[in-house]
$ cat target.txt   # compact mmCIF, C-alpha atoms
# COMPACT_ATOMS: atom_id res chain seq x y z
CA MET R 1294 17.30 99.36 -47.77
CA ASP R 1295 14.85 97.80 -50.12
CA VAL R 1296 13.14 94.87 -48.50
CA SER R 1297 13.93 92.79 -51.53
CA GLU R 1298 17.62 93.25 -50.76
CA ILE R 1299 17.33 91.56 -47.30
CA PRO R 1300 18.77 88.06 -47.74
CA ASP R 1301 16.37 85.18 -47.11
CA SER R 1302 17.53 83.24 -44.02
CA ARG R 1303 17.06 79.89 -45.74
CA THR R 1304 19.08 81.07 -48.72
CA ALA R 1305 21.81 82.34 -46.42
CA ALA R 1306 21.93 79.09 -44.51
CA ALA R 1307 22.21 77.11 -47.72
CA ALA R 1308 25.01 79.33 -48.91
CA LEU R 1309 26.84 78.89 -45.61
CA LEU R 1310 26.57 75.11 -45.87
CA ALA R 1311 27.91 75.24 -49.40
CA TYR R 1312 30.78 77.33 -48.17
CA TYR R 1313 31.64 74.82 -45.44
CA ALA R 1314 31.50 72.05 -47.98
CA ASP R 1315 33.96 73.85 -50.18
CA LEU R 1316 36.31 74.08 -47.20
CA GLY R 1317 36.06 70.33 -46.66
CA VAL R 1318 34.16 70.65 -43.39
CA GLU R 1319 31.68 67.78 -42.88
CA VAL R 1320 28.41 69.08 -41.61
CA GLY R 1321 25.65 66.62 -40.73
CA SER R 1322 22.27 67.30 -42.16
CA SER R 1323 18.98 65.62 -41.70
CA GLU R 1324 15.66 65.87 -43.27
CA MET R 1325 14.18 65.44 -39.79
CA GLY R 1326 14.34 68.28 -37.32
CA ILE R 1327 16.62 67.76 -34.34
CA ASP R 1328 14.92 67.67 -30.94
CA ARG R 1329 17.31 69.78 -28.89
CA PHE R 1330 15.15 69.26 -25.80
CA ALA R 1331 15.58 65.53 -26.05
CA GLU R 1332 19.32 66.02 -26.58
CA SER R 1333 19.60 68.10 -23.45
CA GLU R 1334 17.68 65.47 -21.45
CA ALA R 1335 20.00 62.72 -22.73
CA ALA R 1336 23.07 64.79 -21.87
CA ALA R 1337 21.75 65.46 -18.39
CA ALA R 1338 21.03 61.79 -17.89
CA ALA R 1339 24.57 60.91 -18.99
CA ARG R 1340 26.03 63.37 -16.50
CA ALA R 1341 23.82 62.21 -13.63
CA PRO R 1342 25.38 59.59 -11.36
CA ALA R 1343 24.09 56.09 -11.95
CA PRO R 1344 21.58 55.02 -9.30
CA GLN R 1345 23.14 52.66 -6.85
CA SER R 1346 21.32 49.42 -6.39
CA ARG R 1347 20.49 48.49 -2.86
CA PRO R 1348 22.45 45.53 -1.62
CA GLU R 1349 20.36 42.40 -1.29
CA PRO R 1350 19.69 41.61 2.33
CA SER R 1351 22.06 38.93 3.41
CA GLN R 1352 20.37 35.60 3.97
CA SER R 1353 21.70 32.99 6.27
CA PRO R 1354 22.28 29.74 4.41
CA ALA R 1355 19.60 27.14 5.02
CA PRO R 1356 20.72 24.50 7.45
CA ALA R 1357 22.08 21.52 5.58
CA ARG R 1358 19.94 18.41 5.71
CA PRO R 1359 21.68 15.44 7.20
CA ALA R 1360 22.93 13.11 4.51
CA PRO R 1361 21.15 9.75 4.32
CA ALA R 1362 22.99 6.96 6.02
CA ALA R 1363 25.23 4.88 3.79
CA PRO R 1364 23.92 1.38 3.01
CA ALA R 1365 26.65 -0.25 5.10
CA MET R 1366 25.77 1.92 8.09
CA THR R 1367 22.05 1.23 7.61
CA ASN R 1368 22.75 -2.49 7.49
CA GLU R 1369 24.74 -2.28 10.71
CA MET R 1370 21.94 -0.36 12.41
CA ALA R 1371 19.36 -2.88 11.21
CA ALA R 1372 21.51 -5.82 12.28
CA ALA R 1373 21.94 -4.34 15.75
CA THR R 1374 18.21 -3.67 16.07
CA ALA R 1375 17.13 -7.07 14.75
CA GLY R 1376 19.76 -8.87 16.80
CA GLU R 1377 18.19 -7.70 20.05
CA ALA R 1378 14.88 -9.45 19.29
CA LYS R 1379 14.32 -12.74 21.06
CA THR R 1380 10.79 -13.37 19.78
CA LEU R 1381 8.76 -12.57 16.67
CA ASP R 1382 6.71 -10.04 18.62
CA GLU R 1383 9.89 -8.25 19.68
CA LEU R 1384 11.12 -8.28 16.09
CA LYS R 1385 7.86 -6.80 14.83
CA ASP R 1386 8.02 -4.10 17.49
CA ALA R 1387 11.62 -3.31 16.55
CA LEU R 1388 10.62 -3.01 12.89
CA SER R 1389 7.78 -0.64 13.73
CA ARG R 1390 10.30 1.70 15.38
CA PHE R 1391 13.07 1.28 12.79
CA ASP R 1392 13.56 4.38 10.63
CA GLY R 1393 16.42 3.13 8.47
CA CYS R 1394 14.16 2.30 5.50
CA ALA R 1395 12.53 5.24 3.71
CA LEU R 1396 9.57 3.07 2.68
CA SER R 1397 8.28 3.13 6.25
CA LYS R 1398 7.52 6.83 5.79
CA THR R 1399 5.42 6.39 2.62
CA ALA R 1400 3.59 3.13 3.35
CA THR R 1401 0.28 2.89 5.17
CA ASN R 1402 1.08 -0.18 7.23
CA LEU R 1403 3.93 -2.45 8.21
CA CYS R 1404 3.35 -5.90 6.67
CA PHE R 1405 5.15 -8.28 8.98
CA ALA R 1406 3.77 -11.77 8.41
CA SER R 1407 0.79 -14.04 7.86
CA GLY R 1408 0.07 -17.60 8.87
CA ASN R 1409 1.31 -19.89 11.62
CA PRO R 1410 4.73 -19.10 13.17
CA GLU R 1411 4.91 -22.70 14.42
CA ALA R 1412 4.63 -24.11 10.88
CA LYS R 1413 7.45 -26.07 9.27
CA LEU R 1414 6.92 -24.42 5.88
CA MET R 1415 7.89 -20.77 5.37
CA PHE R 1416 7.41 -18.62 2.27
CA VAL R 1417 9.35 -15.42 1.61
CA GLY R 1418 7.92 -13.10 -1.02
CA GLU R 1419 8.99 -9.73 -2.40
CA ALA R 1420 7.07 -6.75 -1.00
CA PRO R 1421 3.53 -5.68 -0.11
CA GLY R 1422 1.20 -4.47 -2.84
CA ARG R 1423 -1.74 -2.09 -2.54
CA GLU R 1424 -4.11 -4.47 -0.76
CA GLU R 1425 -1.37 -5.72 1.54
CA ASP R 1426 -0.44 -2.14 2.43
CA LEU R 1427 -4.04 -1.34 3.32
CA GLN R 1428 -4.57 -4.45 5.43
CA GLY R 1429 -1.08 -4.78 6.90
CA GLU R 1430 -0.76 -8.44 5.94
CA PRO R 1431 1.25 -10.18 3.19
CA PHE R 1432 -0.43 -11.87 0.22
CA VAL R 1433 -4.06 -10.79 0.59
CA GLY R 1434 -4.61 -9.50 -2.96
CA ARG R 1435 -5.09 -11.49 -6.16
CA ALA R 1436 -1.62 -13.01 -5.87
CA GLY R 1437 -2.46 -14.12 -2.34
CA GLN R 1438 -5.67 -15.75 -3.49
CA LEU R 1439 -3.74 -17.72 -6.09
CA LEU R 1440 -1.19 -18.72 -3.45
CA ASP R 1441 -4.04 -20.08 -1.31
CA LYS R 1442 -5.17 -22.25 -4.24
CA MET R 1443 -1.62 -23.49 -4.79
CA LEU R 1444 -1.36 -24.40 -1.11
CA ALA R 1445 -4.68 -26.22 -1.24
CA ALA R 1446 -3.40 -28.26 -4.18
CA ILE R 1447 -0.72 -29.79 -1.91
CA GLY R 1448 -3.06 -30.18 1.04
CA ARG R 1449 -2.08 -27.06 2.97
CA ASP R 1450 -3.43 -23.66 3.93
CA ARG R 1451 -2.28 -20.63 5.93
CA THR R 1452 -2.61 -22.46 9.21
CA SER R 1453 0.14 -24.84 8.10
CA CYS R 1454 2.62 -22.29 6.71
CA TYR R 1455 4.17 -18.94 7.56
CA ILE R 1456 4.47 -16.09 5.02
CA ALA R 1457 6.72 -13.02 5.06
CA ASN R 1458 8.49 -10.71 2.58
CA VAL R 1459 12.04 -9.43 2.08
CA ILE R 1460 10.54 -5.90 2.17
CA TYR R 1461 8.11 -4.96 4.93
CA TRP R 1462 6.59 -1.80 3.46
CA ARG R 1463 5.00 -1.17 0.08
CA PRO R 1464 7.27 0.55 -2.47
CA PRO R 1465 5.42 3.47 -4.13
CA GLY R 1466 3.62 2.38 -7.28
CA ASN R 1467 4.48 -1.27 -6.59
CA ARG R 1468 7.93 -0.73 -8.09
CA ASN R 1469 10.72 -3.21 -7.40
CA PRO R 1470 12.60 -2.54 -4.16
CA ASN R 1471 15.95 -0.84 -4.67
CA PRO R 1472 19.27 -2.12 -3.24
CA GLU R 1473 19.23 0.31 -0.31
CA GLU R 1474 15.80 -0.92 0.77
CA LEU R 1475 16.87 -4.54 0.51
CA VAL R 1476 19.99 -3.80 2.56
CA ALA R 1477 17.91 -2.10 5.26
CA CYS R 1478 15.45 -4.99 5.57
CA ARG R 1479 17.83 -7.93 5.14
CA PRO R 1480 18.83 -8.34 8.83
CA PHE R 1481 15.16 -8.43 9.82
CA ILE R 1482 14.13 -11.18 7.39
CA ASN R 1483 17.25 -13.13 8.36
CA LYS R 1484 16.21 -12.90 12.02
CA GLN R 1485 12.61 -13.74 11.17
CA ILE R 1486 13.68 -16.94 9.42
CA GLU R 1487 15.92 -17.81 12.36
CA LEU R 1488 13.08 -17.33 14.87
CA VAL R 1489 10.49 -19.27 12.84
CA ASP R 1490 13.05 -22.01 12.19
CA PRO R 1491 11.12 -23.83 9.41
CA ASP R 1492 12.05 -27.19 7.94
CA VAL R 1493 11.51 -25.94 4.37
CA LEU R 1494 12.04 -22.42 3.03
CA VAL R 1495 10.45 -21.22 -0.24
CA PHE R 1496 11.40 -18.00 -2.05
CA LEU R 1497 8.55 -16.66 -4.16
CA GLY R 1498 9.90 -14.77 -7.18
CA GLY R 1499 13.16 -13.43 -8.50
CA VAL R 1500 13.73 -10.57 -6.03
CA PRO R 1501 13.68 -12.66 -2.83
CA ALA R 1502 15.46 -15.59 -4.49
CA LYS R 1503 18.35 -13.44 -5.73
CA GLU R 1504 18.59 -11.47 -2.50
CA MET R 1505 18.46 -14.41 -0.10
CA LEU R 1506 20.60 -16.75 -2.20
CA SER R 1507 23.12 -14.00 -3.09
CA THR R 1508 22.99 -14.59 -6.83
CA THR R 1509 22.25 -12.66 -10.02
CA ASP R 1510 20.64 -15.59 -11.83
CA GLY R 1511 17.09 -15.13 -13.08
CA ILE R 1512 14.15 -16.90 -11.47
CA LEU R 1513 13.63 -19.29 -14.39
CA LYS R 1514 17.17 -20.53 -13.85
CA LEU R 1515 16.92 -20.55 -10.06
CA ARG R 1516 13.54 -22.22 -9.63
CA GLY R 1517 13.06 -25.90 -8.90
CA ARG R 1518 16.51 -26.58 -7.41
CA TRP R 1519 17.15 -27.25 -3.75
CA ARG R 1520 19.82 -25.24 -1.97
CA ASP R 1521 21.02 -24.83 1.60
CA PHE R 1522 20.16 -21.66 3.49
CA ASP R 1523 22.34 -21.02 6.54
CA THR R 1524 20.63 -19.13 9.39
CA GLY R 1525 23.75 -19.08 11.52
CA LYS R 1526 22.23 -21.71 13.77
CA ARG R 1527 21.37 -24.40 11.27
CA THR R 1528 21.01 -25.10 7.55
CA ILE R 1529 17.51 -25.16 6.02
CA PRO R 1530 16.59 -26.70 2.64
CA ALA R 1531 15.46 -23.85 0.37
CA ILE R 1532 13.85 -23.70 -3.05
CA ALA R 1533 12.81 -20.84 -5.34
CA THR R 1534 9.65 -20.81 -7.42
CA LEU R 1535 7.61 -18.38 -9.49
CA HIS R 1536 5.74 -15.58 -7.77
CA PRO R 1537 1.93 -15.88 -7.93
CA ALA R 1538 1.72 -12.37 -9.41
CA TYR R 1539 3.95 -13.55 -12.27
CA LEU R 1540 1.69 -16.57 -12.79
CA LEU R 1541 -1.32 -14.27 -13.08
CA ARG R 1542 0.45 -12.53 -15.97
CA GLN R 1543 1.90 -15.72 -17.45
CA PRO R 1544 -0.62 -18.51 -16.72
CA ALA R 1545 1.20 -20.91 -19.06
CA GLN R 1546 4.01 -21.04 -16.48
CA LYS R 1547 1.75 -22.54 -13.81
CA LYS R 1548 2.94 -26.01 -14.81
CA LEU R 1549 6.45 -25.06 -13.62
CA ALA R 1550 5.11 -23.78 -10.31
CA TRP R 1551 3.04 -26.96 -9.89
CA LYS R 1552 6.19 -29.01 -10.36
CA ASP R 1553 7.95 -26.93 -7.67
CA PHE R 1554 5.03 -27.27 -5.25
CA ARG R 1555 5.01 -31.03 -5.63
CA ALA R 1556 8.72 -31.00 -4.75
CA ILE R 1557 7.87 -28.94 -1.65
CA ARG R 1558 5.13 -31.39 -0.68
CA ASP R 1559 7.50 -34.33 -1.05
CA LYS R 1560 10.21 -32.58 0.98
CA LEU R 1561 7.80 -32.11 3.87
CA ALA R 1562 6.48 -35.69 3.75
$ encode --input "target.txt" --output "structure tokens"
Amino acid sequence: MDVSEIPDSRTAAAALLAYYADLGVEVGSSEMGIDRFAESEAAAAARAPAPQSRPEPSQSPAPARPAPAAPAMTNEMAAATAGEAKTLDELKDALSRFDGCALSKTATNLCFASGNPEAKLMFVGEAPGREEDLQGEPFVGRAGQLLDKMLAAIGRDRTSCYIANVIYWRPPGNRNPNPEELVACRPFINKQIELVDPDVLVFLGGVPAKEMLSTTDGILKLRGRWRDFDTGKRTIPAIATLHPAYLLRQPAQKKLAWKDFRAIRDKLA
């Protein structure tokens, strides 16, 4: 056979495709060559069983943390603890062992009191600040220095008054104490007032005034008016006035505080 008569393979393939097309058979074509090796690898992978993931090792659930005590339960615990104290020293010792207030775990020191426990004038402030926390004594910072000047203006000093707070440990960042903290400390300040047994009780600022007088009125409405505070053993005349820290921020209000301090002086006369 003449070599020229041997059909070209590409020509034959094209003719075969044209023939299939005439029959209506759809034949895929691509300008790119088909990688049969890759196809065989894909087919083998499809047939291979899927790898089974190893089961995660079972972990025992972490032991649940005990839920914090409800405020009512905390108050009952505090009342029972405070109620056992017969002296101020016993009350301070009970407070140092009391774990019902979370602030005791973040503060540096317990701030129990300052001044003379035999005095007839008792002040109740809000909570320790930074300086008070470091020294373990109420009202030793700038607010305390202003309080000393206010006392001097009515002829008194720390030897003739007794100073405590409704909160015994510094709240982080000097924030206001929350209701749970007030509930935890309330039986202790109640007992402290009962043991000191002053003739005149002064609440310094809105937080102690509202807490101890059981009201939601603001300090500007509460201040300057005498009320009765019942210790369970007797009734003590009580008055609210502006906190020295507030007066440092609002010096124009010092005239109101001066009016209140004159009323305190006259009550003690």
$ residues_around --input "target.txt" --residues "region 1422-1432 of chain R" --least-positions-apart "4" --cutoff "10 Å" --atoms "only C-alpha atoms" --output "PyMOL selection string"
chain R and resi 1400-1408+1417-1418+1436-1441+1456-1458+1461-1468+1537-1538
$ closest_residue --input "target.txt" --among "R:Leu1540, R:Cys1478, R:Ala1387, R:Ala1375" --to "Leu1497 (chain R)" --atoms "all atoms listed in the file"
R:Leu1540
$ atom_distance --input "target.txt" --atom1 "CA of Asp1553 (chain R)" --atom2 "CA of Gly1517 (chain R)"
5.4 Å
$ atom_distance --input "target.txt" --atom1 "CA of Lys1548 (chain R)" --atom2 "CA of Ala1533 (chain R)"
14.6 Å
$ atom_distance --input "target.txt" --atom1 "CA of Pro1491 (chain R)" --atom2 "CA of Lys1413 (chain R)"
4.3 Å
$ closest_residue --input "target.txt" --among "R:Gly1393, R:Gly1511, R:Gly1525, R:Pro1421" --to "Leu1488 (chain R)" --atoms "all atoms listed in the file"
R:Gly1525
$ closest_residue --input "target.txt" --among "R:Leu1494, R:Ile1460, R:Leu1388, R:Leu1475" --to "Ala1412 (chain R)" --atoms "all atoms listed in the file"
R:Leu1494
$ closest_residue --input "target.txt" --among "R:Glu1411, R:Glu1383, R:Asp1392, R:Asp1492" --to "Lys1560 (chain R)" --atoms "all atoms listed in the file"
R:Asp1492
$ residues_around --input "target.txt" --residues "Pro1410 (chain R)" --least-positions-apart "6" --cutoff "12 Å" --atoms "only C-alpha atoms" --output "list in words"
Thr1380, Leu1381, Asp1382, Phe1416, Arg1451, Thr1452, Ser1453, Cys1454, Tyr1455, Ile1456, Ala1457, Gln1485, Ile1486, Glu1487, Leu1488, Val1489, Asp1490 and Pro1491 of chain R
$ axis_aligned_box --input "target.txt" --around "region 1384-1396 of chain R" --padding-each-side "6 Å" --output "lines of an AutoDock Vina configuration file"
center_x = 12.1
center_y = -1.5
center_z = 10.1
size_x = 20.6
size_y = 25.5
size_z = 26.8
$ closest_residue --input "target.txt" --among "R:Asn1483, R:Ala1378, R:Ile1557, R:Ser1507" --to "Arg1449 (chain R)" --atoms "all atoms listed in the file"
R:Ile1557
$ residues_near_point --input "target.txt" --point "(13.8, 1.3, -0.3)" --cutoff "9 Å" --atoms "all atoms listed in the file" --output "number ranges by chain"
R: 1394-1397, 1460, 1462, 1464, 1469-1478
$ residues_around --input "target.txt" --residues "Val1493 (chain R)" --least-positions-apart "6" --cutoff "7 Å" --atoms "only C-alpha atoms" --output "PyMOL selection string"
chain R and resi 1413-1415+1529-1531
$ write_last_selection --input "target.txt" --atoms "C-alpha atoms" --output "PDB file, in the frame of the given file"
ATOM      1  CA  LYS R1413       7.450 -26.070   9.270  1.00  0.00           C
ATOM      2  CA  LEU R1414       6.920 -24.420   5.880  1.00  0.00           C
ATOM      3  CA  MET R1415       7.890 -20.770   5.370  1.00  0.00           C
ATOM      4  CA  ILE R1529      17.510 -25.160   6.020  1.00  0.00           C
ATOM      5  CA  PRO R1530      16.590 -26.700   2.640  1.00  0.00           C
ATOM      6  CA  ALA R1531      15.460 -23.850   0.370  1.00  0.00           C
TER       7      ALA R1531
END
